[in-house]
>>> print(open('query.cif').read())   # mmCIF, N, CA and C atoms
data_model
loop_
_atom_site.group_PDB
_atom_site.id
_atom_site.type_symbol
_atom_site.label_atom_id
_atom_site.label_comp_id
_atom_site.auth_asym_id
_atom_site.auth_seq_id
_atom_site.Cartn_x
_atom_site.Cartn_y
_atom_site.Cartn_z
ATOM 1 N N MET A 20 4.852 11.646 -15.616
ATOM 2 C CA MET A 20 3.855 11.249 -16.585
ATOM 3 C C MET A 20 3.841 12.254 -17.730
ATOM 4 N N SER A 21 3.626 11.755 -18.891
ATOM 5 C CA SER A 21 3.581 12.631 -20.059
ATOM 6 C C SER A 21 2.230 13.351 -20.121
ATOM 7 N N PRO A 22 2.176 14.474 -20.831
ATOM 8 C CA PRO A 22 0.886 15.174 -20.981
ATOM 9 C C PRO A 22 -0.197 14.275 -21.603
ATOM 10 N N GLU A 23 0.185 13.414 -22.522
ATOM 11 C CA GLU A 23 -0.770 12.507 -23.153
ATOM 12 C C GLU A 23 -1.329 11.506 -22.142
ATOM 13 N N GLN A 24 -0.467 10.985 -21.274
ATOM 14 C CA GLN A 24 -0.912 10.058 -20.232
ATOM 15 C C GLN A 24 -1.856 10.751 -19.261
ATOM 16 N N ILE A 25 -1.540 11.989 -18.905
ATOM 17 C CA ILE A 25 -2.387 12.747 -17.981
ATOM 18 C C ILE A 25 -3.776 12.940 -18.578
ATOM 19 N N VAL A 26 -3.853 13.299 -19.849
ATOM 20 C CA VAL A 26 -5.147 13.492 -20.508
ATOM 21 C C VAL A 26 -5.923 12.167 -20.535
ATOM 22 N N SER A 27 -5.256 11.083 -20.860
ATOM 23 C CA SER A 27 -5.920 9.775 -20.917
ATOM 24 C C SER A 27 -6.476 9.367 -19.561
ATOM 25 N N VAL A 28 -5.673 9.540 -18.528
ATOM 26 C CA VAL A 28 -6.107 9.165 -17.184
ATOM 27 C C VAL A 28 -7.253 10.071 -16.724
ATOM 28 N N ARG A 29 -7.169 11.364 -17.012
ATOM 29 C CA ARG A 29 -8.242 12.282 -16.629
ATOM 30 C C ARG A 29 -9.545 11.888 -17.311
ATOM 31 N N ASN A 30 -9.485 11.601 -18.604
ATOM 32 C CA ASN A 30 -10.686 11.196 -19.325
ATOM 33 C C ASN A 30 -11.292 9.928 -18.729
ATOM 34 N N TYR A 31 -10.448 8.995 -18.372
ATOM 35 C CA TYR A 31 -10.923 7.753 -17.753
ATOM 36 C C TYR A 31 -11.602 8.037 -16.420
ATOM 37 N N LEU A 32 -10.953 8.843 -15.575
ATOM 38 C CA LEU A 32 -11.521 9.153 -14.258
ATOM 39 C C LEU A 32 -12.836 9.923 -14.383
ATOM 40 N N CYS A 33 -12.917 10.849 -15.307
ATOM 41 C CA CYS A 33 -14.166 11.601 -15.520
ATOM 42 C C CYS A 33 -15.293 10.652 -15.900
ATOM 43 N N LYS A 34 -14.997 9.727 -16.783
ATOM 44 C CA LYS A 34 -16.007 8.761 -17.215
ATOM 45 C C LYS A 34 -16.432 7.870 -16.055
ATOM 46 N N ARG A 35 -15.467 7.338 -15.322
ATOM 47 C CA ARG A 35 -15.761 6.418 -14.220
ATOM 48 C C ARG A 35 -16.469 7.105 -13.060
ATOM 49 N N LEU A 36 -16.097 8.341 -12.766
ATOM 50 C CA LEU A 36 -16.694 9.068 -11.643
ATOM 51 C C LEU A 36 -17.962 9.818 -12.049
ATOM 52 N N GLY A 37 -18.231 9.880 -13.341
ATOM 53 C CA GLY A 37 -19.440 10.522 -13.820
ATOM 54 C C GLY A 37 -19.455 12.030 -13.668
ATOM 55 N N THR A 38 -18.284 12.645 -13.789
ATOM 56 C CA THR A 38 -18.189 14.095 -13.647
ATOM 57 C C THR A 38 -17.003 14.620 -14.442
ATOM 58 N N GLU A 39 -17.133 15.848 -14.907
ATOM 59 C CA GLU A 39 -16.022 16.523 -15.582
ATOM 60 C C GLU A 39 -15.206 17.352 -14.592
ATOM 61 N N ALA A 40 -15.528 17.253 -13.308
ATOM 62 C CA ALA A 40 -14.890 18.080 -12.277
ATOM 63 C C ALA A 40 -13.546 17.528 -11.812
ATOM 64 N N VAL A 41 -12.960 16.619 -12.571
ATOM 65 C CA VAL A 41 -11.656 16.039 -12.229
ATOM 66 C C VAL A 41 -10.563 16.850 -12.919
ATOM 67 N N THR A 42 -9.572 17.257 -12.144
ATOM 68 C CA THR A 42 -8.389 17.892 -12.717
ATOM 69 C C THR A 42 -7.157 17.155 -12.217
ATOM 70 N N ILE A 43 -6.119 17.191 -13.017
ATOM 71 C CA ILE A 43 -4.868 16.531 -12.664
ATOM 72 C C ILE A 43 -3.749 17.541 -12.806
ATOM 73 N N LYS A 44 -2.941 17.630 -11.759
ATOM 74 C CA LYS A 44 -1.830 18.585 -11.751
ATOM 75 C C LYS A 44 -0.509 17.841 -11.602
ATOM 76 N N PRO A 45 0.446 18.151 -12.454
ATOM 77 C CA PRO A 45 1.769 17.521 -12.337
ATOM 78 C C PRO A 45 2.450 17.902 -11.025
ATOM 79 N N ARG A 46 3.364 17.051 -10.609
ATOM 80 C CA ARG A 46 4.191 17.315 -9.431
ATOM 81 C C ARG A 46 5.638 17.415 -9.891
ATOM 82 N N LYS A 47 6.512 17.818 -8.975
ATOM 83 C CA LYS A 47 7.945 17.859 -9.294
ATOM 84 C C LYS A 47 8.482 16.450 -9.533
ATOM 85 N N VAL A 48 7.883 15.477 -8.851
ATOM 86 C CA VAL A 48 8.260 14.079 -9.021
ATOM 87 C C VAL A 48 7.595 13.579 -10.295
ATOM 88 N N LYS A 49 8.354 12.929 -11.164
ATOM 89 C CA LYS A 49 7.847 12.536 -12.479
ATOM 90 C C LYS A 49 6.942 11.298 -12.457
ATOM 91 N N ASP A 50 6.965 10.522 -11.349
ATOM 92 C CA ASP A 50 6.207 9.267 -11.330
ATOM 93 C C ASP A 50 4.796 9.410 -10.776
ATOM 94 N N SER A 51 4.369 10.658 -10.476
ATOM 95 C CA SER A 51 3.034 10.826 -9.916
ATOM 96 C C SER A 51 2.475 12.207 -10.228
ATOM 97 N N VAL A 52 1.146 12.311 -10.079
ATOM 98 C CA VAL A 52 0.424 13.568 -10.263
ATOM 99 C C VAL A 52 -0.601 13.689 -9.143
ATOM 100 N N GLU A 53 -1.094 14.914 -8.926
ATOM 101 C CA GLU A 53 -2.150 15.145 -7.944
ATOM 102 C C GLU A 53 -3.489 15.121 -8.665
ATOM 103 N N VAL A 54 -4.462 14.428 -8.086
ATOM 104 C CA VAL A 54 -5.796 14.341 -8.659
ATOM 105 C C VAL A 54 -6.746 15.153 -7.787
ATOM 106 N N TYR A 55 -7.506 16.047 -8.421
ATOM 107 C CA TYR A 55 -8.450 16.908 -7.717
ATOM 108 C C TYR A 55 -9.864 16.613 -8.188
ATOM 109 N N LEU A 56 -10.814 16.722 -7.263
ATOM 110 C CA LEU A 56 -12.232 16.617 -7.581
ATOM 111 C C LEU A 56 -12.899 17.858 -7.013
ATOM 112 N N ASN A 57 -13.530 18.645 -7.883
ATOM 113 C CA ASN A 57 -14.144 19.916 -7.465
ATOM 114 C C ASN A 57 -13.131 20.810 -6.751
ATOM 115 N N ASN A 58 -11.940 20.895 -7.281
ATOM 116 C CA ASN A 58 -10.856 21.738 -6.759
ATOM 117 C C ASN A 58 -10.375 21.349 -5.362
ATOM 118 N N GLU A 59 -10.689 20.143 -4.921
ATOM 119 C CA GLU A 59 -10.199 19.632 -3.646
ATOM 120 C C GLU A 59 -9.374 18.384 -3.935
ATOM 121 N N ILE A 60 -8.200 18.304 -3.312
ATOM 122 C CA ILE A 60 -7.333 17.162 -3.618
ATOM 123 C C ILE A 60 -8.015 15.860 -3.226
ATOM 124 N N LEU A 61 -8.014 14.938 -4.169
ATOM 125 C CA LEU A 61 -8.606 13.624 -3.963
ATOM 126 C C LEU A 61 -7.527 12.609 -3.593
ATOM 127 N N GLY A 62 -6.366 12.710 -4.247
ATOM 128 C CA GLY A 62 -5.294 11.771 -3.967
ATOM 129 C C GLY A 62 -4.141 11.924 -4.933
ATOM 130 N N LEU A 63 -3.218 10.990 -4.837
ATOM 131 C CA LEU A 63 -2.055 10.954 -5.722
ATOM 132 C C LEU A 63 -2.172 9.752 -6.635
ATOM 133 N N LEU A 64 -1.839 9.972 -7.889
ATOM 134 C CA LEU A 64 -1.874 8.910 -8.874
ATOM 135 C C LEU A 64 -0.450 8.620 -9.321
ATOM 136 N N TYR A 65 -0.051 7.365 -9.178
ATOM 137 C CA TYR A 65 1.302 6.935 -9.534
ATOM 138 C C TYR A 65 1.261 6.101 -10.802
ATOM 139 N N ILE A 66 2.316 6.189 -11.580
ATOM 140 C CA ILE A 66 2.440 5.377 -12.791
ATOM 141 C C ILE A 66 3.534 4.335 -12.571
ATOM 142 N N ASP A 67 3.256 3.127 -13.029
ATOM 143 C CA ASP A 67 4.259 2.061 -13.041
ATOM 144 C C ASP A 67 4.503 1.732 -14.512
ATOM 145 N N ASP A 68 5.604 2.255 -15.030
ATOM 146 C CA ASP A 68 5.915 2.060 -16.445
ATOM 147 C C ASP A 68 7.292 1.444 -16.666
ATOM 148 N N GLU A 69 7.733 0.655 -15.696
ATOM 149 C CA GLU A 69 9.022 -0.021 -15.862
ATOM 150 C C GLU A 69 9.013 -0.945 -17.068
ATOM 151 N N ASP A 70 7.879 -1.616 -17.278
ATOM 152 C CA ASP A 70 7.708 -2.472 -18.453
ATOM 153 C C ASP A 70 6.786 -1.731 -19.421
ATOM 154 N N PRO A 71 7.309 -1.224 -20.534
ATOM 155 C CA PRO A 71 6.491 -0.431 -21.462
ATOM 156 C C PRO A 71 5.294 -1.188 -22.037
ATOM 157 N N ASP A 72 5.316 -2.516 -21.965
ATOM 158 C CA ASP A 72 4.199 -3.313 -22.456
ATOM 159 C C ASP A 72 3.152 -3.577 -21.378
ATOM 160 N N ASP A 73 3.412 -3.109 -20.163
ATOM 161 C CA ASP A 73 2.496 -3.373 -19.047
ATOM 162 C C ASP A 73 2.432 -2.155 -18.126
ATOM 163 N N VAL A 74 1.950 -1.022 -18.640
ATOM 164 C CA VAL A 74 1.852 0.218 -17.867
ATOM 165 C C VAL A 74 0.582 0.166 -17.031
ATOM 166 N N SER A 75 0.703 0.583 -15.762
ATOM 167 C CA SER A 75 -0.473 0.649 -14.892
ATOM 168 C C SER A 75 -0.407 1.917 -14.047
ATOM 169 N N TYR A 76 -1.559 2.273 -13.505
ATOM 170 C CA TYR A 76 -1.691 3.479 -12.686
ATOM 171 C C TYR A 76 -2.308 3.093 -11.353
ATOM 172 N N ASP A 77 -1.883 3.764 -10.293
ATOM 173 C CA ASP A 77 -2.362 3.459 -8.948
ATOM 174 C C ASP A 77 -2.817 4.755 -8.295
ATOM 175 N N LEU A 78 -4.112 4.876 -8.007
ATOM 176 C CA LEU A 78 -4.660 6.071 -7.372
ATOM 177 C C LEU A 78 -4.766 5.827 -5.877
ATOM 178 N N ASN A 79 -4.037 6.616 -5.099
ATOM 179 C CA ASN A 79 -4.058 6.520 -3.639
ATOM 180 C C ASN A 79 -4.875 7.658 -3.066
ATOM 181 N N ILE A 80 -5.949 7.297 -2.368
ATOM 182 C CA ILE A 80 -6.830 8.279 -1.745
ATOM 183 C C ILE A 80 -6.703 8.129 -0.236
ATOM 184 N N SER A 81 -6.375 9.218 0.448
ATOM 185 C CA SER A 81 -6.298 9.198 1.898
ATOM 186 C C SER A 81 -7.522 9.898 2.464
ATOM 187 N N ILE A 82 -8.168 9.272 3.431
ATOM 188 C CA ILE A 82 -9.336 9.849 4.086
ATOM 189 C C ILE A 82 -9.030 9.949 5.571
ATOM 190 N N ILE A 83 -9.093 11.173 6.088
ATOM 191 C CA ILE A 83 -8.840 11.333 7.517
ATOM 192 C C ILE A 83 -10.167 11.270 8.269
ATOM 193 N N ALA A 84 -10.120 10.831 9.514
ATOM 194 C CA ALA A 84 -11.318 10.622 10.308
ATOM 195 C C ALA A 84 -12.175 11.874 10.424
ATOM 196 N N GLN A 85 -11.559 13.043 10.488
ATOM 197 C CA GLN A 85 -12.313 14.289 10.597
ATOM 198 C C GLN A 85 -13.232 14.498 9.399
ATOM 199 N N ASP A 86 -12.816 14.059 8.227
ATOM 200 C CA ASP A 86 -13.643 14.205 7.027
ATOM 201 C C ASP A 86 -14.878 13.341 7.074
ATOM 202 N N LEU A 87 -14.833 12.244 7.804
ATOM 203 C CA LEU A 87 -15.966 11.353 7.896
ATOM 204 C C LEU A 87 -17.058 11.896 8.797
ATOM 205 N N GLU A 88 -16.722 12.879 9.639
ATOM 206 C CA GLU A 88 -17.683 13.439 10.592
ATOM 207 C C GLU A 88 -18.609 14.463 9.980
ATOM 208 N N ASP A 89 -18.324 14.912 8.754
ATOM 209 C CA ASP A 89 -19.156 15.940 8.114
ATOM 210 C C ASP A 89 -20.509 15.422 7.732
#
>>> encode(input="query.cif", output="structure tokens")
Amino acid sequence: MSPEQIVSVRNYLCKRLGTEAVTIKPRKVKDSVEVYLNNEILGLLYIDDEDPDDVSYDLNISIIAQDLED
């Protein structure tokens, strides 16, 4: 993902989640980034840009059972 795409997606997530505590960190793989909320990993965000006229993003959040017990 380009730096411009990362900024756009971060701004969108901050607005939707109602917090500025969202950070996005690039990965070695170019098709995804790590999304953090309050410095804790929230999930991976993938970009689908095969068709430049139809770019989309997919945020995958994994929740383990132990986290639900808190």
>>> residues_around(input="query.cif", residues="region 76-83 of chain A", least_positions_apart="5", cutoff="7 Å", atoms="all atoms listed in the file", output="NGL selection string")
:A and (61-67 or 88)
>>> resolve_selection(input="query.cif", expression="the PyMOL selection byres ((chain A and resi 58) around 7)", output="list in words")
Ala40, Val41, Thr42, Tyr55, Leu56, Asn57, Glu59, Ile60 and Leu61 of chain A
>>> residues_near_point(input="query.cif", point="(-1.2, 14.3, -11.0)", cutoff="7 Å", atoms="only C-alpha atoms", output="list in words")
Ile43, Lys44, Pro45, Arg46, Ser51, Val52, Glu53, Val54, Leu63 and Leu64 of chain A
>>> write_last_selection(input="query.cif", atoms="N, CA and C atoms", output="PDB file, in the coordinates of the input")
ATOM      1  N   ILE A  43      -6.119  17.191 -13.017  1.00  0.00           N
ATOM      2  CA  ILE A  43      -4.868  16.531 -12.664  1.00  0.00           C
ATOM      3  C   ILE A  43      -3.749  17.541 -12.806  1.00  0.00           C
ATOM      4  N   LYS A  44      -2.941  17.630 -11.759  1.00  0.00           N
ATOM      5  CA  LYS A  44      -1.830  18.585 -11.751  1.00  0.00           C
ATOM      6  C   LYS A  44      -0.509  17.841 -11.602  1.00  0.00           C
ATOM      7  N   PRO A  45       0.446  18.151 -12.454  1.00  0.00           N
ATOM      8  CA  PRO A  45       1.769  17.521 -12.337  1.00  0.00           C
ATOM      9  C   PRO A  45       2.450  17.902 -11.025  1.00  0.00           C
ATOM     10  N   ARG A  46       3.364  17.051 -10.609  1.00  0.00           N
ATOM     11  CA  ARG A  46       4.191  17.315  -9.431  1.00  0.00           C
ATOM     12  C   ARG A  46       5.638  17.415  -9.891  1.00  0.00           C
ATOM     13  N   SER A  51       4.369  10.658 -10.476  1.00  0.00           N
ATOM     14  CA  SER A  51       3.034  10.826  -9.916  1.00  0.00           C
ATOM     15  C   SER A  51       2.475  12.207 -10.228  1.00  0.00           C
ATOM     16  N   VAL A  52       1.146  12.311 -10.079  1.00  0.00           N
ATOM     17  CA  VAL A  52       0.424  13.568 -10.263  1.00  0.00           C
ATOM     18  C   VAL A  52      -0.601  13.689  -9.143  1.00  0.00           C
ATOM     19  N   GLU A  53      -1.094  14.914  -8.926  1.00  0.00           N
ATOM     20  CA  GLU A  53      -2.150  15.145  -7.944  1.00  0.00           C
ATOM     21  C   GLU A  53      -3.489  15.121  -8.665  1.00  0.00           C
ATOM     22  N   VAL A  54      -4.462  14.428  -8.086  1.00  0.00           N
ATOM     23  CA  VAL A  54      -5.796  14.341  -8.659  1.00  0.00           C
ATOM     24  C   VAL A  54      -6.746  15.153  -7.787  1.00  0.00           C
ATOM     25  N   LEU A  63      -3.218  10.990  -4.837  1.00  0.00           N
ATOM     26  CA  LEU A  63      -2.055  10.954  -5.722  1.00  0.00           C
ATOM     27  C   LEU A  63      -2.172   9.752  -6.635  1.00  0.00           C
ATOM     28  N   LEU A  64      -1.839   9.972  -7.889  1.00  0.00           N
ATOM     29  CA  LEU A  64      -1.874   8.910  -8.874  1.00  0.00           C
ATOM     30  C   LEU A  64      -0.450   8.620  -9.321  1.00  0.00           C
TER      31      LEU A  64
END
>>> atom_distance(input="query.cif", atom1="CA of Lys49 (chain A)", atom2="CA of Met20 (chain A)")
5.9 Å
>>> atom_distance(input="query.cif", atom1="atom C of Ser21 (chain A)", atom2="CA of Val48 (chain A)")
12.7 Å
>>> atom_distance(input="query.cif", atom1="atom N of Asp86 (chain A)", atom2="atom N of Val26 (chain A)")
29.5 Å
>>> select_by_dssp(input="query.cif", residues="chain A", states="strand (DSSP E)", output="list in words")
Val41, Thr42, Ile43, Lys44, Pro45, Ser51, Val52, Glu53, Val54, Tyr55, Leu56, Glu59, Ile60, Leu61, Gly62, Leu63, Leu64, Tyr65, Ile66, Asp67, Ser75, Tyr76, Asp77, Leu78 and Asn79 of chain A
>>> axis_aligned_box(input="query.cif", around="region 66-75 of chain A", padding_each_side="5 Å", output="AutoDock Vina command-line options")
--center_x 4.3 --center_y 1.3 --center_z -17.0 --size_x 19.5 --size_y 19.8 --size_z 20.9
